[in-house]
>>> print(open('my_file-v2.cif').read())   # mmCIF, C-alpha atoms
data_entry
#
loop_
_atom_site.group_PDB
_atom_site.id
_atom_site.type_symbol
_atom_site.label_atom_id
_atom_site.label_comp_id
_atom_site.auth_asym_id
_atom_site.auth_seq_id
_atom_site.Cartn_x
_atom_site.Cartn_y
_atom_site.Cartn_z
ATOM 1 C CA MET A 907 -38.201 21.809 -4.281
ATOM 2 C CA SER A 908 -39.877 20.791 -1.022
ATOM 3 C CA PRO A 909 -38.735 21.724 2.496
ATOM 4 C CA ILE A 910 -36.351 19.216 4.053
ATOM 5 C CA VAL A 911 -36.048 21.241 7.288
ATOM 6 C CA LYS A 912 -38.810 23.224 8.998
ATOM 7 C CA VAL A 913 -38.208 25.420 12.040
ATOM 8 C CA ASP A 914 -41.017 27.347 13.729
ATOM 9 C CA GLY A 915 -40.523 29.605 16.747
ATOM 10 C CA LEU A 916 -37.296 27.965 17.942
ATOM 11 C CA HIS A 917 -36.189 29.331 21.310
ATOM 12 C CA LYS A 918 -33.191 28.308 23.416
ATOM 13 C CA SER A 919 -31.750 29.981 26.523
ATOM 14 C CA TYR A 920 -28.879 29.266 28.871
ATOM 15 C CA GLY A 921 -29.876 30.770 32.190
ATOM 16 C CA LYS A 922 -30.580 34.449 31.512
ATOM 17 C CA THR A 923 -28.773 34.370 28.167
ATOM 18 C CA ILE A 924 -31.061 34.009 25.155
ATOM 19 C CA ALA A 925 -29.109 32.121 22.484
ATOM 20 C CA VAL A 926 -31.947 31.681 19.960
ATOM 21 C CA ASP A 927 -34.957 33.959 20.150
ATOM 22 C CA GLY A 928 -37.996 32.428 18.420
ATOM 23 C CA ILE A 929 -36.629 32.008 14.896
ATOM 24 C CA SER A 930 -38.460 30.365 11.980
ATOM 25 C CA PHE A 931 -37.159 29.225 8.594
ATOM 26 C CA GLU A 932 -37.216 26.401 6.052
ATOM 27 C CA VAL A 933 -34.470 24.665 4.076
ATOM 28 C CA LEU A 934 -35.351 23.340 0.635
ATOM 29 C CA GLU A 935 -34.160 19.996 -0.669
ATOM 30 C CA GLY A 936 -31.084 20.280 -2.898
ATOM 31 C CA GLU A 937 -29.928 23.728 -1.788
ATOM 32 C CA ILE A 938 -26.998 25.086 0.180
ATOM 33 C CA PHE A 939 -28.510 27.071 3.038
ATOM 34 C CA GLY A 940 -26.289 29.341 5.089
ATOM 35 C CA MET A 941 -26.694 30.675 8.604
ATOM 36 C CA VAL A 942 -24.408 33.674 8.935
ATOM 37 C CA GLY A 943 -23.593 36.149 11.641
ATOM 38 C CA PRO A 944 -20.926 37.101 14.184
ATOM 39 C CA ASN A 945 -19.670 34.765 16.880
ATOM 40 C CA GLY A 946 -22.363 34.363 19.522
ATOM 41 C CA ALA A 947 -25.263 35.120 17.166
ATOM 42 C CA GLY A 948 -26.916 31.731 17.821
ATOM 43 C CA LYS A 949 -25.792 29.840 14.728
ATOM 44 C CA THR A 950 -24.227 26.832 16.436
ATOM 45 C CA THR A 951 -27.042 26.504 18.981
ATOM 46 C CA THR A 952 -29.573 26.464 16.143
ATOM 47 C CA ILE A 953 -27.725 23.837 14.145
ATOM 48 C CA GLU A 954 -27.249 21.670 17.247
ATOM 49 C CA CYS A 955 -31.011 21.778 17.825
ATOM 50 C CA LEU A 956 -31.507 20.602 14.239
ATOM 51 C CA GLU A 957 -29.013 17.797 14.769
ATOM 52 C CA GLY A 958 -30.742 16.672 17.958
ATOM 53 C CA LEU A 959 -27.715 17.520 20.107
ATOM 54 C CA ARG A 960 -29.609 20.189 22.059
ATOM 55 C CA LYS A 961 -33.228 20.289 23.164
ATOM 56 C CA PRO A 962 -35.136 23.490 22.308
ATOM 57 C CA ASP A 963 -36.929 25.287 25.121
ATOM 58 C CA SER A 964 -39.884 25.909 22.834
ATOM 59 C CA GLY A 965 -40.892 25.857 19.183
ATOM 60 C CA SER A 966 -40.972 23.009 16.690
ATOM 61 C CA VAL A 967 -38.202 21.478 14.570
ATOM 62 C CA SER A 968 -38.656 18.960 11.750
ATOM 63 C CA VAL A 969 -35.654 17.480 9.916
ATOM 64 C CA LEU A 970 -36.228 14.938 7.131
ATOM 65 C CA GLY A 971 -39.808 14.776 8.361
ATOM 66 C CA VAL A 972 -38.946 13.695 11.926
ATOM 67 C CA ASP A 973 -38.399 15.316 15.332
ATOM 68 C CA PRO A 974 -34.644 15.345 16.092
ATOM 69 C CA GLN A 975 -35.301 14.714 19.793
ATOM 70 C CA ARG A 976 -37.542 11.679 19.260
ATOM 71 C CA ASP A 977 -35.872 10.185 16.206
ATOM 72 C CA GLY A 978 -32.180 10.808 16.803
ATOM 73 C CA GLN A 979 -31.122 7.368 15.570
ATOM 74 C CA TYR A 980 -32.906 7.915 12.265
ATOM 75 C CA LEU A 981 -31.174 11.271 11.793
ATOM 76 C CA ARG A 982 -27.739 9.862 12.587
ATOM 77 C CA THR A 983 -28.094 7.318 9.793
ATOM 78 C CA HIS A 984 -29.499 9.782 7.223
ATOM 79 C CA THR A 985 -27.529 12.960 7.916
ATOM 80 C CA GLY A 986 -23.866 13.894 7.980
ATOM 81 C CA MET A 987 -22.498 16.175 10.676
ATOM 82 C CA GLN A 988 -19.268 18.158 10.879
ATOM 83 C CA LEU A 989 -19.146 19.844 14.262
ATOM 84 C CA GLN A 990 -17.493 23.173 15.050
ATOM 85 C CA GLN A 991 -15.082 21.443 17.440
ATOM 86 C CA SER A 992 -13.873 18.201 15.835
ATOM 87 C CA ALA A 993 -10.843 16.062 16.576
ATOM 88 C CA LEU A 994 -9.525 12.512 16.262
ATOM 89 C CA PRO A 995 -6.772 10.668 18.148
ATOM 90 C CA ASP A 996 -3.407 11.979 16.995
ATOM 91 C CA ARG A 997 -2.084 8.601 15.887
ATOM 92 C CA ILE A 998 -5.128 7.253 14.071
ATOM 93 C CA LYS A 999 -4.420 7.004 10.352
ATOM 94 C CA VAL A 1000 -6.763 8.431 7.722
ATOM 95 C CA TRP A 1001 -7.807 5.016 6.416
ATOM 96 C CA GLU A 1002 -8.295 3.683 9.958
ATOM 97 C CA ALA A 1003 -10.664 6.526 10.851
ATOM 98 C CA LEU A 1004 -12.764 5.999 7.746
ATOM 99 C CA ASP A 1005 -12.797 2.213 8.149
ATOM 100 C CA LEU A 1006 -13.827 2.523 11.807
ATOM 101 C CA TYR A 1007 -16.554 5.104 11.254
ATOM 102 C CA SER A 1008 -18.020 3.157 8.338
ATOM 103 C CA THR A 1009 -18.955 0.379 10.766
ATOM 104 C CA PHE A 1010 -21.392 2.772 12.467
ATOM 105 C CA TYR A 1011 -23.814 2.735 9.512
ATOM 106 C CA PRO A 1012 -25.912 -0.068 7.983
ATOM 107 C CA ASP A 1013 -25.114 0.879 4.389
ATOM 108 C CA PRO A 1014 -22.022 3.112 4.402
ATOM 109 C CA ALA A 1015 -20.495 4.813 1.411
ATOM 110 C CA ASP A 1016 -17.343 3.287 -0.063
ATOM 111 C CA TRP A 1017 -14.660 5.082 1.936
ATOM 112 C CA GLU A 1018 -12.017 4.194 -0.657
ATOM 113 C CA GLU A 1019 -13.997 6.190 -3.197
ATOM 114 C CA LEU A 1020 -14.308 9.059 -0.717
ATOM 115 C CA LEU A 1021 -10.536 9.073 -0.271
ATOM 116 C CA GLU A 1022 -10.111 9.399 -4.002
ATOM 117 C CA HIS A 1023 -12.861 11.988 -4.447
ATOM 118 C CA LEU A 1024 -11.605 14.189 -1.602
ATOM 119 C CA GLY A 1025 -7.966 14.093 -2.655
ATOM 120 C CA LEU A 1026 -6.811 12.138 0.404
ATOM 121 C CA GLN A 1027 -5.544 8.987 -1.321
ATOM 122 C CA GLU A 1028 -1.907 9.947 -0.851
ATOM 123 C CA LYS A 1029 -2.601 10.635 2.843
ATOM 124 C CA ARG A 1030 -4.398 7.360 3.604
ATOM 125 C CA GLY A 1031 -1.588 6.129 5.874
ATOM 126 C CA THR A 1032 -0.874 9.512 7.499
ATOM 127 C CA PRO A 1033 -1.648 9.977 11.215
ATOM 128 C CA PHE A 1034 -4.268 12.610 11.977
ATOM 129 C CA ALA A 1035 -1.775 14.832 13.806
ATOM 130 C CA LYS A 1036 0.387 15.054 10.662
ATOM 131 C CA LEU A 1037 -2.404 16.369 8.406
ATOM 132 C CA SER A 1038 -2.646 20.037 7.439
ATOM 133 C CA GLY A 1039 -5.689 22.068 8.460
ATOM 134 C CA GLY A 1040 -7.287 21.694 5.036
ATOM 135 C CA GLN A 1041 -6.629 17.946 4.966
ATOM 136 C CA LYS A 1042 -8.207 17.522 8.395
ATOM 137 C CA GLN A 1043 -11.305 19.388 7.239
ATOM 138 C CA ARG A 1044 -11.548 17.194 4.135
ATOM 139 C CA LEU A 1045 -11.288 14.127 6.363
ATOM 140 C CA PHE A 1046 -14.119 15.413 8.563
ATOM 141 C CA VAL A 1047 -16.237 15.955 5.455
ATOM 142 C CA ALA A 1048 -15.440 12.392 4.344
ATOM 143 C CA LEU A 1049 -16.582 11.098 7.744
ATOM 144 C CA ALA A 1050 -19.773 13.158 7.424
ATOM 145 C CA LEU A 1051 -20.476 11.610 4.016
ATOM 146 C CA LEU A 1052 -20.088 7.980 5.138
ATOM 147 C CA PRO A 1053 -23.821 7.452 5.889
ATOM 148 C CA LYS A 1054 -24.733 8.535 2.305
ATOM 149 C CA PRO A 1055 -26.623 11.480 3.824
ATOM 150 C CA ARG A 1056 -29.513 13.333 2.276
ATOM 151 C CA LEU A 1057 -28.626 16.286 4.502
ATOM 152 C CA VAL A 1058 -25.173 17.487 5.618
ATOM 153 C CA PHE A 1059 -24.504 19.917 8.493
ATOM 154 C CA LEU A 1060 -21.275 21.938 8.303
ATOM 155 C CA ASP A 1061 -20.525 24.174 11.299
ATOM 156 C CA GLU A 1062 -17.800 26.813 10.737
ATOM 157 C CA LEU A 1063 -16.087 24.442 8.308
ATOM 158 C CA THR A 1064 -13.290 26.738 7.122
ATOM 159 C CA THR A 1065 -12.484 28.631 10.336
ATOM 160 C CA GLY A 1066 -8.715 28.909 10.698
ATOM 161 C CA LEU A 1067 -7.900 27.775 7.160
ATOM 162 C CA ASP A 1068 -5.646 29.736 4.833
ATOM 163 C CA PRO A 1069 -7.232 31.132 1.623
ATOM 164 C CA GLN A 1070 -5.965 28.282 -0.576
ATOM 165 C CA ALA A 1071 -7.317 25.592 1.741
ATOM 166 C CA ARG A 1072 -10.583 27.503 2.131
ATOM 167 C CA HIS A 1073 -11.177 27.621 -1.628
ATOM 168 C CA ALA A 1074 -10.387 23.898 -1.917
ATOM 169 C CA VAL A 1075 -13.029 23.138 0.727
ATOM 170 C CA TRP A 1076 -15.512 25.394 -1.093
ATOM 171 C CA ASP A 1077 -15.003 23.348 -4.259
ATOM 172 C CA LEU A 1078 -15.619 20.209 -2.232
ATOM 173 C CA ILE A 1079 -18.900 21.566 -0.844
ATOM 174 C CA ARG A 1080 -20.095 22.354 -4.365
ATOM 175 C CA ASP A 1081 -19.276 18.781 -5.407
ATOM 176 C CA VAL A 1082 -21.250 17.360 -2.482
ATOM 177 C CA ARG A 1083 -24.315 19.385 -3.493
ATOM 178 C CA ALA A 1084 -23.861 18.377 -7.149
ATOM 179 C CA ASN A 1085 -24.100 14.746 -6.041
ATOM 180 C CA GLY A 1086 -27.593 15.346 -4.643
ATOM 181 C CA ALA A 1087 -27.146 16.305 -0.993
ATOM 182 C CA THR A 1088 -28.703 19.272 0.798
ATOM 183 C CA LEU A 1089 -26.265 21.273 2.929
ATOM 184 C CA ILE A 1090 -26.724 23.595 5.898
ATOM 185 C CA LEU A 1091 -23.633 25.546 6.854
ATOM 186 C CA THR A 1092 -22.906 28.120 9.515
ATOM 187 C CA THR A 1093 -20.210 30.718 9.039
ATOM 188 C CA HIS A 1094 -19.162 34.151 10.233
ATOM 189 C CA LEU A 1095 -17.423 34.727 6.875
ATOM 190 C CA MET A 1096 -19.780 36.644 4.613
ATOM 191 C CA GLU A 1097 -17.582 35.979 1.570
ATOM 192 C CA GLU A 1098 -18.057 32.253 2.164
ATOM 193 C CA ALA A 1099 -21.839 32.595 2.306
ATOM 194 C CA ASP A 1100 -21.853 34.718 -0.850
ATOM 195 C CA GLU A 1101 -19.721 32.164 -2.710
ATOM 196 C CA LEU A 1102 -21.597 29.023 -1.680
ATOM 197 C CA CYS A 1103 -25.156 29.619 -0.566
ATOM 198 C CA ASP A 1104 -28.386 29.621 -2.540
ATOM 199 C CA ARG A 1105 -30.090 31.312 0.421
ATOM 200 C CA VAL A 1106 -28.892 32.683 3.746
ATOM 201 C CA ALA A 1107 -30.399 33.672 7.065
ATOM 202 C CA ILE A 1108 -28.503 36.473 8.801
ATOM 203 C CA LEU A 1109 -28.570 36.056 12.584
ATOM 204 C CA ASP A 1110 -27.814 38.671 15.198
ATOM 205 C CA ARG A 1111 -28.306 38.238 18.938
ATOM 206 C CA GLY A 1112 -30.369 35.095 18.422
ATOM 207 C CA ALA A 1113 -32.787 36.551 15.866
ATOM 208 C CA ILE A 1114 -33.000 36.353 12.073
ATOM 209 C CA VAL A 1115 -32.627 39.943 10.864
ATOM 210 C CA ALA A 1116 -32.827 39.127 7.136
ATOM 211 C CA SER A 1117 -33.089 36.116 4.830
ATOM 212 C CA GLY A 1118 -33.011 35.432 1.105
ATOM 213 C CA SER A 1119 -30.514 34.821 -1.661
ATOM 214 C CA PRO A 1120 -27.227 36.729 -1.297
ATOM 215 C CA ALA A 1121 -27.909 38.642 -4.515
ATOM 216 C CA ASP A 1122 -31.408 39.670 -3.389
ATOM 217 C CA LEU A 1123 -30.216 40.783 0.046
ATOM 218 C CA ILE A 1124 -27.411 42.862 -1.437
ATOM 219 C CA ARG A 1125 -29.745 44.430 -3.993
ATOM 220 C CA ASP A 1126 -32.579 45.143 -1.570
ATOM 221 C CA LEU A 1127 -30.673 45.948 1.624
ATOM 222 C CA GLY A 1128 -27.097 46.719 0.635
ATOM 223 C CA GLY A 1129 -28.073 49.662 -1.517
ATOM 224 C CA GLU A 1130 -24.676 51.310 -1.477
ATOM 225 C CA GLU A 1131 -21.653 51.639 -3.688
ATOM 226 C CA ARG A 1132 -18.176 52.150 -2.310
ATOM 227 C CA VAL A 1133 -15.302 54.087 -3.860
ATOM 228 C CA THR A 1134 -11.768 54.068 -2.484
ATOM 229 C CA LEU A 1135 -8.899 56.306 -3.575
ATOM 230 C CA SER A 1136 -5.690 57.917 -2.375
ATOM 231 C CA VAL A 1137 -5.229 61.682 -2.049
ATOM 232 C CA ASP A 1138 -1.742 63.130 -1.612
ATOM 233 C CA GLY A 1139 -1.617 64.835 1.767
ATOM 234 C CA GLY A 1140 -5.061 63.573 2.763
ATOM 235 C CA LEU A 1141 -8.528 64.974 2.094
ATOM 236 C CA PRO A 1142 -8.808 68.748 2.662
ATOM 237 C CA PRO A 1143 -11.502 69.794 5.187
ATOM 238 C CA ALA A 1144 -13.198 71.929 2.529
ATOM 239 C CA VAL A 1145 -13.846 68.863 0.378
ATOM 240 C CA ALA A 1146 -14.981 66.731 3.313
ATOM 241 C CA GLY A 1147 -17.487 69.432 4.220
ATOM 242 C CA ALA A 1148 -18.878 69.577 0.679
ATOM 243 C CA VAL A 1149 -20.002 65.980 0.336
ATOM 244 C CA PRO A 1150 -23.723 65.107 0.251
ATOM 245 C CA ALA A 1151 -25.337 64.091 3.522
ATOM 246 C CA THR A 1152 -26.088 60.637 2.066
ATOM 247 C CA TRP A 1153 -22.381 59.831 1.715
ATOM 248 C CA ARG A 1154 -20.262 58.212 4.415
ATOM 249 C CA ILE A 1155 -16.559 59.061 4.326
ATOM 250 C CA GLU A 1156 -13.745 57.272 6.128
ATOM 251 C CA VAL A 1157 -10.237 58.752 5.988
ATOM 252 C CA GLN A 1158 -7.120 56.870 7.059
ATOM 253 C CA GLY A 1159 -4.126 58.989 6.188
ATOM 254 C CA GLU A 1160 -4.086 59.410 2.419
ATOM 255 C CA ARG A 1161 -6.587 56.597 1.847
ATOM 256 C CA VAL A 1162 -10.204 57.728 1.466
ATOM 257 C CA SER A 1163 -13.300 55.509 1.337
ATOM 258 C CA VAL A 1164 -16.650 56.907 0.213
ATOM 259 C CA ALA A 1165 -19.900 54.939 0.488
ATOM 260 C CA GLY A 1166 -23.240 56.148 -0.779
ATOM 261 C CA PRO A 1167 -26.550 55.070 -2.315
ATOM 262 C CA SER A 1168 -26.760 54.011 -5.924
ATOM 263 C CA GLY A 1169 -28.309 56.671 -8.138
ATOM 264 C CA ASN A 1170 -28.729 57.656 -11.770
ATOM 265 C CA THR A 1171 -25.098 58.768 -11.808
ATOM 266 C CA PRO A 1172 -22.569 56.190 -10.573
ATOM 267 C CA LEU A 1173 -20.979 57.109 -7.266
ATOM 268 C CA VAL A 1174 -17.500 56.872 -8.759
ATOM 269 C CA VAL A 1175 -18.396 59.582 -11.296
ATOM 270 C CA GLU A 1176 -19.822 61.856 -8.583
ATOM 271 C CA VAL A 1177 -16.716 61.422 -6.407
ATOM 272 C CA ALA A 1178 -14.377 62.111 -9.320
ATOM 273 C CA ASN A 1179 -16.364 65.222 -10.303
ATOM 274 C CA LEU A 1180 -16.320 66.555 -6.730
ATOM 275 C CA LEU A 1181 -12.553 66.142 -6.452
ATOM 276 C CA ALA A 1182 -11.986 67.678 -9.880
ATOM 277 C CA SER A 1183 -14.106 70.723 -8.967
ATOM 278 C CA HIS A 1184 -11.776 71.333 -6.010
ATOM 279 C CA ARG A 1185 -8.678 70.634 -8.121
ATOM 280 C CA ILE A 1186 -7.762 67.674 -5.924
ATOM 281 C CA ARG A 1187 -5.423 65.142 -7.505
ATOM 282 C CA PHE A 1188 -6.086 61.520 -6.649
ATOM 283 C CA ARG A 1189 -4.808 58.065 -7.552
ATOM 284 C CA ASP A 1190 -5.599 54.349 -7.113
ATOM 285 C CA LEU A 1191 -9.321 54.927 -7.675
ATOM 286 C CA ARG A 1192 -11.333 51.735 -7.186
ATOM 287 C CA THR A 1193 -14.981 50.795 -6.961
ATOM 288 C CA GLU A 1194 -16.275 48.033 -4.704
ATOM 289 C CA PRO A 1195 -19.717 46.385 -4.944
ATOM 290 C CA ALA A 1196 -21.951 46.047 -1.904
ATOM 291 C CA THR A 1197 -21.480 42.838 0.089
ATOM 292 C CA LEU A 1198 -23.408 40.752 2.591
ATOM 293 C CA GLU A 1199 -21.305 42.322 5.298
ATOM 294 C CA ASP A 1200 -22.608 45.722 4.177
ATOM 295 C CA VAL A 1201 -26.125 44.333 4.565
ATOM 296 C CA PHE A 1202 -25.375 43.187 8.104
ATOM 297 C CA LEU A 1203 -23.779 46.504 9.028
ATOM 298 C CA LYS A 1204 -26.789 48.386 7.706
ATOM 299 C CA LEU A 1205 -29.210 46.181 9.641
ATOM 300 C CA THR A 1206 -27.372 46.105 12.956
ATOM 301 C CA GLY A 1207 -25.006 49.065 12.936
ATOM 302 C CA ARG A 1208 -22.007 46.981 13.973
ATOM 303 C CA GLN A 1209 -19.180 45.113 12.324
ATOM 304 C CA MET A 1210 -19.571 41.442 11.436
ATOM 305 C CA ARG A 1211 -16.162 40.286 12.681
ATOM 306 C CA GLU A 1212 -16.152 40.923 16.425
#
>>> encode(input="my_file-v2.cif", output="structure tokens")
Amino acid sequence: MSPIVKVDGLHKSYGKTIAVDGISFEVLEGEIFGMVGPNGAGKTTTIECLEGLRKPDSGSVSVLGVDPQRDGQYLRTHTGMQLQQSALPDRIKVWEALDLYSTFYPDPADWEELLEHLGLQEKRGTPFAKLSGGQKQRLFVALALLPKPRLVFLDELTTGLDPQARHAVWDLIRDVRANGATLILTTHLMEEADELCDRVAILDRGAIVASGSPADLIRDLGGEERVTLSVDGGLPPAVAGAVPATWRIEVQGERVSVAGPSGNTPLVVEVANLLASHRIRFRDLRTEPATLEDVFLKLTGRQMRE
């Protein structure tokens, strides 16, 4: 696969606030590339520079082999864009929006087929204001696909959706990639990035703090297992004082969470043995694998959802 997007030393500031601080990355043709991080990390500013909506202060950006600032018209006819803040007139019907937007492109996709493919056929005559959140997002994806794009930008696509609608949109994104498009998505939901992305760049305060496939990042930087359990009456101080220095313990009433590095002996076995040696009865023992959010917390020392 060859790079379809190249970014080198991208920098963007707003007054004294540095939104993007000299980042560099590439996006390969045919992949789903995620930009993840908390709100205000610089994700939207970066994607808007790629789309040609914002002018970088410095650095170089190449999208589909062209400069977004000089060749904006070319990008608009070869890319699809779903913006973080998107809306349509309340009374415009689904079919009217698709029919109107299709006139913007020289060789648009068949919007009737998009209606069918995106499960909006039964809503074709429904006004925009009457659509559910998930249906609105599917409509915005349909609008983004009208130019038959090689590259699709999706900015915080599932923010505000319920879990069922979110999973439906995830399935849609997979279908779009299966049909040959490259996708760049921004999200502050690490579960979403883990589910969808071939590679991710984790942003924090305008800088890329890690990049790679979700599995590689979790293996190389997560490095911890987590065990949760309930202890009647809470965890006695004597047990809390006996844990290894490499463990991190969080206690909320009777619920105890233990995180620690992976070793020759699984963490769950070590925790169970420690409690048994102190004759502590426990219940609801569970193990949890490391996640991308664990990676972010380890790299930055702060929670992802702020």
>>> closest_residue(input="my_file-v2.cif", among="A:Thr1064, A:Phe1046, A:Leu1078, A:Glu1101", to="A:Leu1024", atoms="only C-alpha atoms")
A:Leu1078
>>> closest_residue(input="my_file-v2.cif", among="A:Leu1089, A:Ile1186, A:Val926, A:Leu1135", to="A:Asp1061", atoms="only C-alpha atoms")
A:Leu1089
>>> closest_residue(input="my_file-v2.cif", among="A:Val972, A:Leu1026, A:Ile938, A:Leu1102", to="A:Gly958", atoms="only C-alpha atoms")
A:Val972
>>> closest_residue(input="my_file-v2.cif", among="A:Glu937, A:Ile910, A:Gly1140, A:Lys949", to="A:Ala1113", atoms="all atoms listed in the file")
A:Lys949
>>> atom_distance(input="my_file-v2.cif", atom1="atom CA of A:Met1096", atom2="atom CA of A:Arg1111")
16.7 Å
>>> closest_residue(input="my_file-v2.cif", among="A:Asp977, A:Thr1134, A:His1184, A:Ile1108", to="A:Gly1147", atoms="all atoms listed in the file")
A:His1184
>>> residues_near_point(input="my_file-v2.cif", point="(-10.4, 69.6, -7.7)", cutoff="12 Å", atoms="all atoms listed in the file", output="list of chain:residue names")
A:Val1137, A:Leu1141, A:Pro1142, A:Ala1144, A:Val1145, A:Ala1148, A:Val1177, A:Ala1178, A:Asn1179, A:Leu1180, A:Leu1181, A:Ala1182, A:Ser1183, A:His1184, A:Arg1185, A:Ile1186, A:Arg1187, A:Phe1188
>>> resolve_selection(input="my_file-v2.cif", expression="the PyMOL selection byres ((chain A and resi 1158) around 12)", output="list in words")
Thr1134, Leu1135, Ser1136, Val1137, Asp1138, Gly1139, Gly1140, Leu1141, Ile1155, Glu1156, Val1157, Gly1159, Glu1160, Arg1161, Val1162, Ser1163 and Val1164 of chain A
>>> atom_distance(input="my_file-v2.cif", atom1="atom CA of A:Val969", atom2="atom CA of A:Pro944")
24.9 Å
>>> resolve_selection(input="my_file-v2.cif", expression="the PyMOL selection byres ((chain A and resi 956) around 7)", output="MDAnalysis selection string")
chainID A and resid 952:955 957:958 967 969 974
>>> write_last_selection(input="my_file-v2.cif", atoms="C-alpha atoms", output="PDB file, in the coordinates of the input")
ATOM      1  CA  THR A 952     -29.573  26.464  16.143  1.00  0.00           C
ATOM      2  CA  ILE A 953     -27.725  23.837  14.145  1.00  0.00           C
ATOM      3  CA  GLU A 954     -27.249  21.670  17.247  1.00  0.00           C
ATOM      4  CA  CYS A 955     -31.011  21.778  17.825  1.00  0.00           C
ATOM      5  CA  GLU A 957     -29.013  17.797  14.769  1.00  0.00           C
ATOM      6  CA  GLY A 958     -30.742  16.672  17.958  1.00  0.00           C
ATOM      7  CA  VAL A 967     -38.202  21.478  14.570  1.00  0.00           C
ATOM      8  CA  VAL A 969     -35.654  17.480   9.916  1.00  0.00           C
ATOM      9  CA  PRO A 974     -34.644  15.345  16.092  1.00  0.00           C
TER      10      PRO A 974
END
>>> residues_near_point(input="my_file-v2.cif", point="(-12.5, 24.1, 15.8)", cutoff="8 Å", atoms="all atoms listed in the file", output="JSON, numbers by chain")
{"A": [990, 991, 992, 1062, 1065, 1066]}
>>> resolve_selection(input="my_file-v2.cif", expression="the PyMOL selection byres ((chain A and resi 1073) around 12)", output="PyMOL selection string")
chain A and resi 1040+1044+1063-1064+1067-1072+1074-1080+1097-1098+1101-1102
>>> residues_around(input="my_file-v2.cif", residues="A:Trp1001", least_positions_apart="3", cutoff="8 Å", atoms="only C-alpha atoms", output="PyMOL selection string")
chain A and resi 1004-1005+1030-1031
>>> atom_distance(input="my_file-v2.cif", atom1="atom CA of A:Phe931", atom2="atom CA of A:Arg960")
17.9 Å
>>> closest_residue(input="my_file-v2.cif", among="A:Ser1117, A:Thr985, A:Thr950, A:Ser919", to="A:Ala1087", atoms="only C-alpha atoms")
A:Thr985
>>> residues_around(input="my_file-v2.cif", residues="stretch 1191-1197 of chain A", least_positions_apart="4", cutoff="6 Å", atoms="only C-alpha atoms", output="number ranges by chain")
A: 1128, 1130-1135
>>> residues_around(input="my_file-v2.cif", residues="A:Pro1120", least_positions_apart="4", cutoff="7 Å", atoms="all atoms listed in the file", output="ChimeraX atom specification")
/A:1100,1105-1106,1124,1198
